[in-house]
Amino acid sequence: MTNIIKASSLAIALCAGMSTHAAEFTFSSNINKDAQTLVVFYSQDGKNKQFKALNKEFKQHLQRIIDIENFKGDYASVAELIAPQNSKYDRILVVGTGKQKELDKARIAKLGGNIHARLLGNKVTTASVIFDDVTGLNNNAELAANFAHGANLRDHRFEKYKQKANTETISYTFDVTNTKQTQKTYKVLQSIQAGVFLARDLTSEVATHMTPVDFANAAKELESLGVTISVLEPAQLKELGMGALEAVGRGSEQGARLVVAHYKGSNDAPIALIGKGITFDSGGYSIKTGASIARMKSDMAGAAAVLGTVKAMALAKADKNVVAVMGMAANMVSQFAVAPGDVVRTAEGLSVEILNTDAEGRLVLSDSMWYARKHFNPEIMIDVATLTGSKVGAVGNEYAAVFSQDDKLVTQLTLAGKQVNENLWRLPLGYKDALKSDIADLTNVGSSGPGATTAASFLEHFAGDTRWVHIDIAGNALAKKGKDEVSAGGTGFGVRLLSEWLLSY
């Protein structure tokens with residue numbers, strides 16, 4: 001039985017020019033003998049049968065090369081043979097998978113991304129992958145599907161502004177033990193990929209073409225998947241008392257928007273995902289300086305991630321009730337912009353003295369969190385935001401920071417992150433006294449203490465009695481270059497983490 005899956009088949013181009021090309025995967029019970037490249041796997045445990053599909057002379061030649069190279073099968077190690085004897089293949093890659101007891105879907109997805117990048121670099125267009133005897137902590141179907149998942153995630157590119165975009169990709173044939181189960185597993189991953197690609201493209205898009213209105217229009221494309229979209233404009237925000245969100249958008253011509261995307265796959269109490277959507281962050285009157293300002297188009301990556309997650313759930317037809325609430329604004333400088341020292345009133349009723357206009361993300365989140373609680377009464381609320389430089393100083397860009405008083409949720413989300421290589425590191429809440437103001441209920445920056453923590457503690461004022469988690473993805477949203485299963489540009493960080501958690505919760 002053979003199943004051919006084009007990874008783009010579930011994708012919907014939500015903005016003109018966004019990338020839709022993708023690798024192609026065939027899951028079969030046989031290898032493709034006409035492919036340019038053959039990929040085989042070799043574990044550290046020495047229990048390898050992957051060469052059984054090859055003829056005797058070629059197996060002996062391959063084993064001799066492995067012995068000469070002293071190839072041990074260490075994880076991610078590669079032995080490459082060019083124009084091998086007794087073979088029609090141009091090249092053969094022997095890929096180390098490490099110890100079987102350590103090989104899980106996270107490690108195999110990384111491997112898929114890196115092998116795909118290597119093959120692309122070698123201008124390979126067709127590859128046959130002998131996968132039927134690869135085993136580990138997950139079954140063969142899960143490992144094969146996640147290897148393909150990693151390859152396709154790495155394949156994604158945002159090149160709409162290049163004069164000549166690179167459209168080269170690879171057609172794979174996988175020899176697996178169970179084609180039907182592999183296809184079923186990969187189909188779910190396709191849905192998640194589509195959500196990741198949406199988040200990546202929204203994040204990579206330049207700020208002048210990804211305004212709050214542009215983002216809202218992109219969200220409306222999900223209506224074709226059965227997602228209910230609503231958009232609140234500045235006048236409506238004022239009427240609802242959402243003074244914090246409205247104030248942040250005041251300096252731009254379009255003003256702020258609240259975008260709500262609701263996928264109701266069940267009648268359970270909803271899970272609310274709150275996304276920070278600053279489409280460009282100049283810092284306002286507390287203006288940013290230096291080269292980092294060019295990366296501030298990605299300050300809406302939290303909103304992109306939660307919208308991408310809703311898309312993933314809708315495509316997967318998951319039996320989940322998920323609503324994404326996204327506060328969107330461009331934090332700009334103008335005669336109408338909020339000024340340092342101004343006081344705004346949130347929909348929660350708390351007043352906030354704005355000591356720094358560059359601490360605007362927590363303002364848009366505060367009103368977004370209130371709206372989610374007021375209008376959806378969620379069981380759980382998770383906000384995702386590129387919130388603080390302090391977070392980058394604390395845990396770098398290989399981890400996102402997680403804050404919550406809910407130990408169970410932190411444990412669940414941390415485990416989900418490990419499954420998909422979107423790792424979390426818990427940081428403490430606290431230092432609320434540092435948010436005291438002489439003239440308002442709160443200041444928007446702490447007078448002391450770690451910045452990532454005081455920002456999280458500010459948000460805690462707006463969680464009410466709802467189970468709540470804050471995830472700070474500052475530093476995780478953009479990648480300067482490709483690595484593992486992440487391509488250069490917008491990363492879509494958070495979509496796989498939240499999807500993994502939702503599908504297992």
# chains A, B, ... in the order shown; residues from 1 in each chain; ligands from 1
>>> select_by_dssp(residues="range 337-443 of chain A", states="alpha helix (DSSP H)", output="ChimeraX atom specification")
/A:361-376,389-395,407-419
>>> closest_atom_pairs(of="range 276-388 of chain A", to="range 194-214 of chain A", cutoff="12 Å", atoms="only C-alpha atoms", output="tab-separated table")
residue	atom	partner	partner_atom	distance
A:Lys276	CA	A:Pro212	CA	11.5
A:Gly277	CA	A:Pro212	CA	7.9
A:Ile278	CA	A:Pro212	CA	8.1
A:Thr279	CA	A:Thr211	CA	5.7
A:Phe280	CA	A:Ala207	CA	5.8
A:Asp281	CA	A:Ala207	CA	9.3
A:Ser282	CA	A:Ala207	CA	10.9
A:Ile293	CA	A:Ala207	CA	11.5
A:Ala294	CA	A:Val206	CA	9.7
A:Arg295	CA	A:Ser204	CA	9.5
A:Met296	CA	A:Ala207	CA	8.3
A:Lys297	CA	A:Ala207	CA	5.1
A:Ser298	CA	A:Thr203	CA	5.2
A:Asp299	CA	A:Thr203	CA	8.0
A:Met300	CA	A:Thr203	CA	6.7
A:Ala301	CA	A:Thr203	CA	5.6
A:Gly302	CA	A:Ala199	CA	8.8
A:Ala303	CA	A:Ala199	CA	8.3
A:Ala304	CA	A:Ala199	CA	4.6
A:Ala305	CA	A:Ala199	CA	5.3
A:Val306	CA	A:Ala199	CA	8.2
A:Leu307	CA	A:Ala199	CA	7.2
A:Gly308	CA	A:Gly195	CA	4.0
A:Thr309	CA	A:Gly195	CA	5.7
A:Val310	CA	A:Gly195	CA	7.5
A:Lys311	CA	A:Gly195	CA	5.4
A:Ala312	CA	A:Gly195	CA	4.8
A:Met313	CA	A:Gly195	CA	8.5
A:Ala314	CA	A:Gly195	CA	9.5
A:Leu315	CA	A:Ala194	CA	8.4
A:Ala316	CA	A:Ala194	CA	10.2
A:Met326	CA	A:Pro212	CA	10.0
A:Gly327	CA	A:Pro212	CA	8.8
A:Met328	CA	A:Pro212	CA	5.3
A:Ala329	CA	A:Pro212	CA	5.7
A:Ala330	CA	A:Thr211	CA	7.1
A:Asn331	CA	A:Thr211	CA	10.8
A:Met332	CA	A:Ala207	CA	11.6
A:Thr386	CA	A:Thr203	CA	11.5
>>> residues_around(residues="Gln412 in chain A", least_positions_apart="6", cutoff="10 Å", atoms="only C-alpha atoms", output="ChimeraX atom specification")
/A:501,504-505
>>> atom_distance(atom1="CA of Asp90 in chain A", atom2="CA of Thr126 in chain A")
10.6 Å
>>> atom_distance(atom1="CA of Ala22 in chain A", atom2="CA of Ile108 in chain A")
19.1 Å
>>> residues_around(residues="range 248-252 of chain A", least_positions_apart="5", cutoff="9 Å", atoms="only C-alpha atoms", output="PyMOL selection string")
chain A and resi 234+243+257+278+284+328-338+357+360-361+363-364
>>> write_last_selection(atoms="all heavy atoms", output="CSV table (one decimal), in the first residue's frame")
chain,number,residue,atom,x,y,z
A,234,PRO,N,-11.7,50.6,17.2
A,234,PRO,CA,-11.4,51.5,18.3
A,234,PRO,C,-12.6,52.1,19.1
A,234,PRO,O,-12.6,52.1,20.3
A,234,PRO,CB,-10.6,52.6,17.7
A,234,PRO,CG,-9.8,51.9,16.6
A,234,PRO,CD,-10.8,50.9,16.1
A,243,GLY,N,-9.5,50.7,27.8
A,243,GLY,CA,-8.7,51.8,27.6
A,243,GLY,C,-7.2,51.5,27.4
A,243,GLY,O,-6.5,52.3,26.8
A,257,ARG,N,-7.2,47.0,17.3
A,257,ARG,CA,-8.2,46.1,17.0
A,257,ARG,C,-8.2,44.9,18.1
A,257,ARG,O,-7.1,44.6,18.6
A,257,ARG,CB,-8.1,45.4,15.6
A,257,ARG,CG,-8.2,46.4,14.5
A,257,ARG,CD,-9.6,47.0,14.3
A,257,ARG,NE,-9.7,47.7,13.1
A,257,ARG,CZ,-9.3,49.0,12.9
A,257,ARG,NH1,-8.7,49.6,13.9
A,257,ARG,NH2,-9.5,49.6,11.8
A,278,ILE,N,1.4,43.2,18.7
A,278,ILE,CA,1.9,44.5,18.4
A,278,ILE,C,2.6,44.3,17.0
A,278,ILE,O,3.7,43.8,16.9
A,278,ILE,CB,2.9,45.0,19.4
A,278,ILE,CG1,2.3,45.1,20.8
A,278,ILE,CG2,3.5,46.3,19.0
A,278,ILE,CD1,1.1,46.1,20.8
A,284,GLY,N,7.1,53.6,21.0
A,284,GLY,CA,6.4,54.8,21.3
A,284,GLY,C,7.4,55.9,21.7
A,284,GLY,O,8.5,56.0,21.2
A,328,MET,N,-4.5,43.7,19.0
A,328,MET,CA,-3.7,44.1,17.9
A,328,MET,C,-3.5,45.6,17.9
A,328,MET,O,-4.5,46.4,18.0
A,328,MET,CB,-4.3,43.7,16.6
A,328,MET,CG,-4.7,42.2,16.5
A,328,MET,SD,-3.4,41.0,16.8
A,328,MET,CE,-2.2,41.5,15.5
A,329,ALA,N,-2.3,46.1,17.8
A,329,ALA,CA,-2.0,47.5,17.7
A,329,ALA,C,-0.6,47.7,17.1
A,329,ALA,O,0.3,46.8,17.3
A,329,ALA,CB,-2.1,48.2,19.0
A,330,ALA,N,-0.3,48.9,16.5
A,330,ALA,CA,1.0,49.3,16.2
A,330,ALA,C,1.4,50.4,17.2
A,330,ALA,O,0.7,51.4,17.4
A,330,ALA,CB,1.1,49.9,14.8
A,331,ASN,N,2.5,50.2,17.9
A,331,ASN,CA,3.0,51.1,18.9
A,331,ASN,C,3.8,52.1,18.3
A,331,ASN,O,5.0,52.0,18.1
A,331,ASN,CB,3.7,50.3,20.0
A,331,ASN,CG,4.1,51.2,21.2
A,331,ASN,OD1,3.4,52.2,21.5
A,331,ASN,ND2,5.1,50.8,21.9
A,332,MET,N,3.2,53.3,17.9
A,332,MET,CA,3.9,54.3,17.1
A,332,MET,C,4.0,55.6,17.9
A,332,MET,O,3.4,55.8,18.9
A,332,MET,CB,3.2,54.5,15.8
A,332,MET,CG,3.0,53.2,15.0
A,332,MET,SD,4.5,52.3,14.5
A,332,MET,CE,4.9,53.3,13.0
A,333,VAL,N,4.7,56.5,17.2
A,333,VAL,CA,4.9,57.9,17.8
A,333,VAL,C,4.1,58.9,16.9
A,333,VAL,O,4.3,58.9,15.7
A,333,VAL,CB,6.4,58.3,17.8
A,333,VAL,CG1,6.5,59.7,18.4
A,333,VAL,CG2,7.2,57.3,18.6
A,334,SER,N,3.3,59.6,17.5
A,334,SER,CA,2.5,60.7,16.8
A,334,SER,C,2.0,61.6,17.9
A,334,SER,O,2.1,61.4,19.1
A,334,SER,CB,1.4,60.1,16.0
A,334,SER,OG,0.3,59.7,16.8
A,335,GLN,N,1.3,62.7,17.4
A,335,GLN,CA,0.7,63.6,18.3
A,335,GLN,C,-0.5,63.0,19.1
A,335,GLN,O,-0.9,63.5,20.1
A,335,GLN,CB,0.2,64.9,17.5
A,335,GLN,CG,-0.9,64.6,16.5
A,335,GLN,CD,-1.4,65.8,15.8
A,335,GLN,OE1,-1.6,66.8,16.4
A,335,GLN,NE2,-1.6,65.7,14.5
A,336,PHE,N,-0.9,61.9,18.6
A,336,PHE,CA,-2.1,61.2,19.3
A,336,PHE,C,-1.6,60.1,20.2
A,336,PHE,O,-2.4,59.5,20.9
A,336,PHE,CB,-3.0,60.7,18.3
A,336,PHE,CG,-3.5,61.7,17.3
A,336,PHE,CD1,-3.1,61.6,16.0
A,336,PHE,CD2,-4.4,62.7,17.7
A,336,PHE,CE1,-3.5,62.6,15.0
A,336,PHE,CE2,-4.8,63.6,16.8
A,336,PHE,CZ,-4.4,63.6,15.4
A,337,ALA,N,-0.3,59.8,20.1
A,337,ALA,CA,0.2,58.6,20.9
A,337,ALA,C,0.2,58.9,22.4
A,337,ALA,O,0.3,60.0,22.9
A,337,ALA,CB,1.6,58.3,20.5
A,338,VAL,N,0.0,57.8,23.2
A,338,VAL,CA,0.0,57.9,24.6
A,338,VAL,C,1.4,58.4,25.0
A,338,VAL,O,2.4,58.0,24.4
A,338,VAL,CB,-0.3,56.5,25.2
A,338,VAL,CG1,0.7,55.5,25.0
A,338,VAL,CG2,-0.6,56.7,26.7
A,357,THR,N,6.4,53.8,27.6
A,357,THR,CA,5.5,53.4,26.5
A,357,THR,C,6.0,52.2,25.7
A,357,THR,O,5.3,51.7,24.9
A,357,THR,CB,5.3,54.6,25.5
A,357,THR,OG1,6.6,54.9,24.9
A,357,THR,CG2,4.7,55.8,26.2
A,360,GLU,N,4.3,48.1,26.4
A,360,GLU,CA,2.9,48.2,25.9
A,360,GLU,C,2.3,46.8,25.8
A,360,GLU,O,1.0,46.8,25.8
A,360,GLU,CB,2.9,48.9,24.5
A,360,GLU,CG,3.2,48.1,23.3
A,360,GLU,CD,4.6,47.4,23.4
A,360,GLU,OE1,5.6,48.0,23.9
A,360,GLU,OE2,4.8,46.3,22.8
A,361,GLY,N,3.0,45.8,25.6
A,361,GLY,CA,2.5,44.5,25.4
A,361,GLY,C,1.5,44.1,26.6
A,361,GLY,O,0.5,43.5,26.4
A,363,LEU,N,-0.2,45.9,28.4
A,363,LEU,CA,-1.4,46.7,28.3
A,363,LEU,C,-2.4,46.1,27.4
A,363,LEU,O,-3.6,46.0,27.7
A,363,LEU,CB,-1.1,48.2,27.9
A,363,LEU,CG,-0.2,49.0,28.8
A,363,LEU,CD1,0.1,50.3,28.2
A,363,LEU,CD2,-0.8,49.2,30.2
A,364,VAL,N,-2.0,45.7,26.2
A,364,VAL,CA,-2.9,45.1,25.3
A,364,VAL,C,-3.4,43.7,25.8
A,364,VAL,O,-4.5,43.3,25.6
A,364,VAL,CB,-2.3,44.9,23.8
A,364,VAL,CG1,-1.9,46.3,23.3
A,364,VAL,CG2,-1.2,43.9,23.8
>>> select_by_dssp(residues="range 10-188 of chain A", states="strand (DSSP E or B)", output="JSON, numbers by chain")
{"A": [24, 25, 26, 27, 28, 37, 38, 39, 40, 41, 42, 43, 78, 79, 80, 81, 82, 91, 92, 93, 94, 95, 96, 97, 98, 126, 127, 128, 129, 130, 171, 172, 173, 174, 175]}
>>> residues_around(residues="Met242 in chain A", least_positions_apart="5", cutoff="8 Å", atoms="only C-alpha atoms", output="list in words")
Leu237, Arg345, Thr346, Ala347 and Asp367 of chain A
>>> decode(residues="range 219-241 of chain A", atoms="N, CA, C and O atoms", output="PDB file, in the first residue's frame")
ATOM      1  N   ALA A 219      -7.107  36.645   9.598  1.00  0.00           N
ATOM      2  CA  ALA A 219      -7.880  35.801  10.510  1.00  0.00           C
ATOM      3  C   ALA A 219      -9.226  35.418   9.901  1.00  0.00           C
ATOM      4  O   ALA A 219      -9.701  34.287  10.073  1.00  0.00           O
ATOM      5  N   LYS A 220      -9.843  36.337   9.173  1.00  0.00           N
ATOM      6  CA  LYS A 220     -11.154  36.068   8.576  1.00  0.00           C
ATOM      7  C   LYS A 220     -11.120  34.922   7.576  1.00  0.00           C
ATOM      8  O   LYS A 220     -12.156  34.301   7.302  1.00  0.00           O
ATOM      9  N   GLU A 221      -9.937  34.640   7.024  1.00  0.00           N
ATOM     10  CA  GLU A 221      -9.818  33.512   6.093  1.00  0.00           C
ATOM     11  C   GLU A 221     -10.124  32.184   6.773  1.00  0.00           C
ATOM     12  O   GLU A 221     -10.449  31.200   6.115  1.00  0.00           O
ATOM     13  N   LEU A 222     -10.018  32.141   8.093  1.00  0.00           N
ATOM     14  CA  LEU A 222     -10.300  30.891   8.812  1.00  0.00           C
ATOM     15  C   LEU A 222     -11.791  30.589   8.890  1.00  0.00           C
ATOM     16  O   LEU A 222     -12.179  29.491   9.307  1.00  0.00           O
ATOM     17  N   GLU A 223     -12.615  31.541   8.502  1.00  0.00           N
ATOM     18  CA  GLU A 223     -14.064  31.287   8.522  1.00  0.00           C
ATOM     19  C   GLU A 223     -14.431  30.112   7.626  1.00  0.00           C
ATOM     20  O   GLU A 223     -15.403  29.392   7.899  1.00  0.00           O
ATOM     21  N   SER A 224     -13.651  29.880   6.569  1.00  0.00           N
ATOM     22  CA  SER A 224     -13.920  28.758   5.669  1.00  0.00           C
ATOM     23  C   SER A 224     -13.702  27.407   6.353  1.00  0.00           C
ATOM     24  O   SER A 224     -14.141  26.375   5.849  1.00  0.00           O
ATOM     25  N   LEU A 225     -13.017  27.426   7.500  1.00  0.00           N
ATOM     26  CA  LEU A 225     -12.774  26.196   8.258  1.00  0.00           C
ATOM     27  C   LEU A 225     -13.763  26.029   9.403  1.00  0.00           C
ATOM     28  O   LEU A 225     -13.612  25.128  10.227  1.00  0.00           O
ATOM     29  N   GLY A 226     -14.755  26.904   9.463  1.00  0.00           N
ATOM     30  CA  GLY A 226     -15.737  26.809  10.529  1.00  0.00           C
ATOM     31  C   GLY A 226     -15.364  27.590  11.773  1.00  0.00           C
ATOM     32  O   GLY A 226     -15.966  27.395  12.837  1.00  0.00           O
ATOM     33  N   VAL A 227     -14.373  28.481  11.663  1.00  0.00           N
ATOM     34  CA  VAL A 227     -13.960  29.313  12.789  1.00  0.00           C
ATOM     35  C   VAL A 227     -14.748  30.619  12.758  1.00  0.00           C
ATOM     36  O   VAL A 227     -14.864  31.258  11.710  1.00  0.00           O
ATOM     37  N   THR A 228     -15.306  31.004  13.904  1.00  0.00           N
ATOM     38  CA  THR A 228     -16.040  32.264  14.009  1.00  0.00           C
ATOM     39  C   THR A 228     -15.065  33.395  14.317  1.00  0.00           C
ATOM     40  O   THR A 228     -14.308  33.319  15.294  1.00  0.00           O
ATOM     41  N   ILE A 229     -15.074  34.425  13.478  1.00  0.00           N
ATOM     42  CA  ILE A 229     -14.151  35.554  13.635  1.00  0.00           C
ATOM     43  C   ILE A 229     -14.948  36.813  13.943  1.00  0.00           C
ATOM     44  O   ILE A 229     -15.947  37.119  13.279  1.00  0.00           O
ATOM     45  N   SER A 230     -14.519  37.539  14.948  1.00  0.00           N
ATOM     46  CA  SER A 230     -15.099  38.856  15.219  1.00  0.00           C
ATOM     47  C   SER A 230     -13.967  39.849  15.441  1.00  0.00           C
ATOM     48  O   SER A 230     -12.905  39.490  15.952  1.00  0.00           O
ATOM     49  N   VAL A 231     -14.195  41.084  15.038  1.00  0.00           N
ATOM     50  CA  VAL A 231     -13.169  42.127  15.125  1.00  0.00           C
ATOM     51  C   VAL A 231     -13.790  43.365  15.748  1.00  0.00           C
ATOM     52  O   VAL A 231     -14.796  43.888  15.249  1.00  0.00           O
ATOM     53  N   LEU A 232     -13.204  43.839  16.831  1.00  0.00           N
ATOM     54  CA  LEU A 232     -13.654  45.072  17.479  1.00  0.00           C
ATOM     55  C   LEU A 232     -12.743  46.217  17.078  1.00  0.00           C
ATOM     56  O   LEU A 232     -11.519  46.092  17.133  1.00  0.00           O
ATOM     57  N   GLU A 233     -13.335  47.352  16.703  1.00  0.00           N
ATOM     58  CA  GLU A 233     -12.590  48.528  16.270  1.00  0.00           C
ATOM     59  C   GLU A 233     -12.464  49.531  17.420  1.00  0.00           C
ATOM     60  O   GLU A 233     -13.078  49.353  18.484  1.00  0.00           O
ATOM     61  N   PRO A 234     -11.656  50.594  17.239  1.00  0.00           N
ATOM     62  CA  PRO A 234     -11.386  51.515  18.348  1.00  0.00           C
ATOM     63  C   PRO A 234     -12.615  52.055  19.064  1.00  0.00           C
ATOM     64  O   PRO A 234     -12.640  52.134  20.298  1.00  0.00           O
ATOM     65  N   ALA A 235     -13.663  52.430  18.324  1.00  0.00           N
ATOM     66  CA  ALA A 235     -14.857  52.967  18.965  1.00  0.00           C
ATOM     67  C   ALA A 235     -15.514  51.925  19.870  1.00  0.00           C
ATOM     68  O   ALA A 235     -16.003  52.251  20.963  1.00  0.00           O
ATOM     69  N   GLN A 236     -15.512  50.677  19.431  1.00  0.00           N
ATOM     70  CA  GLN A 236     -16.084  49.602  20.238  1.00  0.00           C
ATOM     71  C   GLN A 236     -15.233  49.328  21.468  1.00  0.00           C
ATOM     72  O   GLN A 236     -15.757  49.031  22.551  1.00  0.00           O
ATOM     73  N   LEU A 237     -13.927  49.416  21.313  1.00  0.00           N
ATOM     74  CA  LEU A 237     -13.028  49.216  22.452  1.00  0.00           C
ATOM     75  C   LEU A 237     -13.280  50.282  23.519  1.00  0.00           C
ATOM     76  O   LEU A 237     -13.331  49.991  24.716  1.00  0.00           O
ATOM     77  N   LYS A 238     -13.453  51.520  23.077  1.00  0.00           N
ATOM     78  CA  LYS A 238     -13.740  52.611  24.014  1.00  0.00           C
ATOM     79  C   LYS A 238     -15.059  52.371  24.740  1.00  0.00           C
ATOM     80  O   LYS A 238     -15.178  52.570  25.951  1.00  0.00           O
ATOM     81  N   GLU A 239     -16.061  51.935  23.982  1.00  0.00           N
ATOM     82  CA  GLU A 239     -17.379  51.701  24.553  1.00  0.00           C
ATOM     83  C   GLU A 239     -17.337  50.618  25.624  1.00  0.00           C
ATOM     84  O   GLU A 239     -18.065  50.684  26.634  1.00  0.00           O
ATOM     85  N   LEU A 240     -16.471  49.620  25.432  1.00  0.00           N
ATOM     86  CA  LEU A 240     -16.335  48.524  26.390  1.00  0.00           C
ATOM     87  C   LEU A 240     -15.398  48.880  27.549  1.00  0.00           C
ATOM     88  O   LEU A 240     -15.205  48.080  28.454  1.00  0.00           O
ATOM     89  N   GLY A 241     -14.804  50.041  27.489  1.00  0.00           N
ATOM     90  CA  GLY A 241     -13.889  50.449  28.550  1.00  0.00           C
ATOM     91  C   GLY A 241     -12.508  49.854  28.440  1.00  0.00           C
ATOM     92  O   GLY A 241     -11.749  49.854  29.418  1.00  0.00           O
TER      93      GLY A 241
END
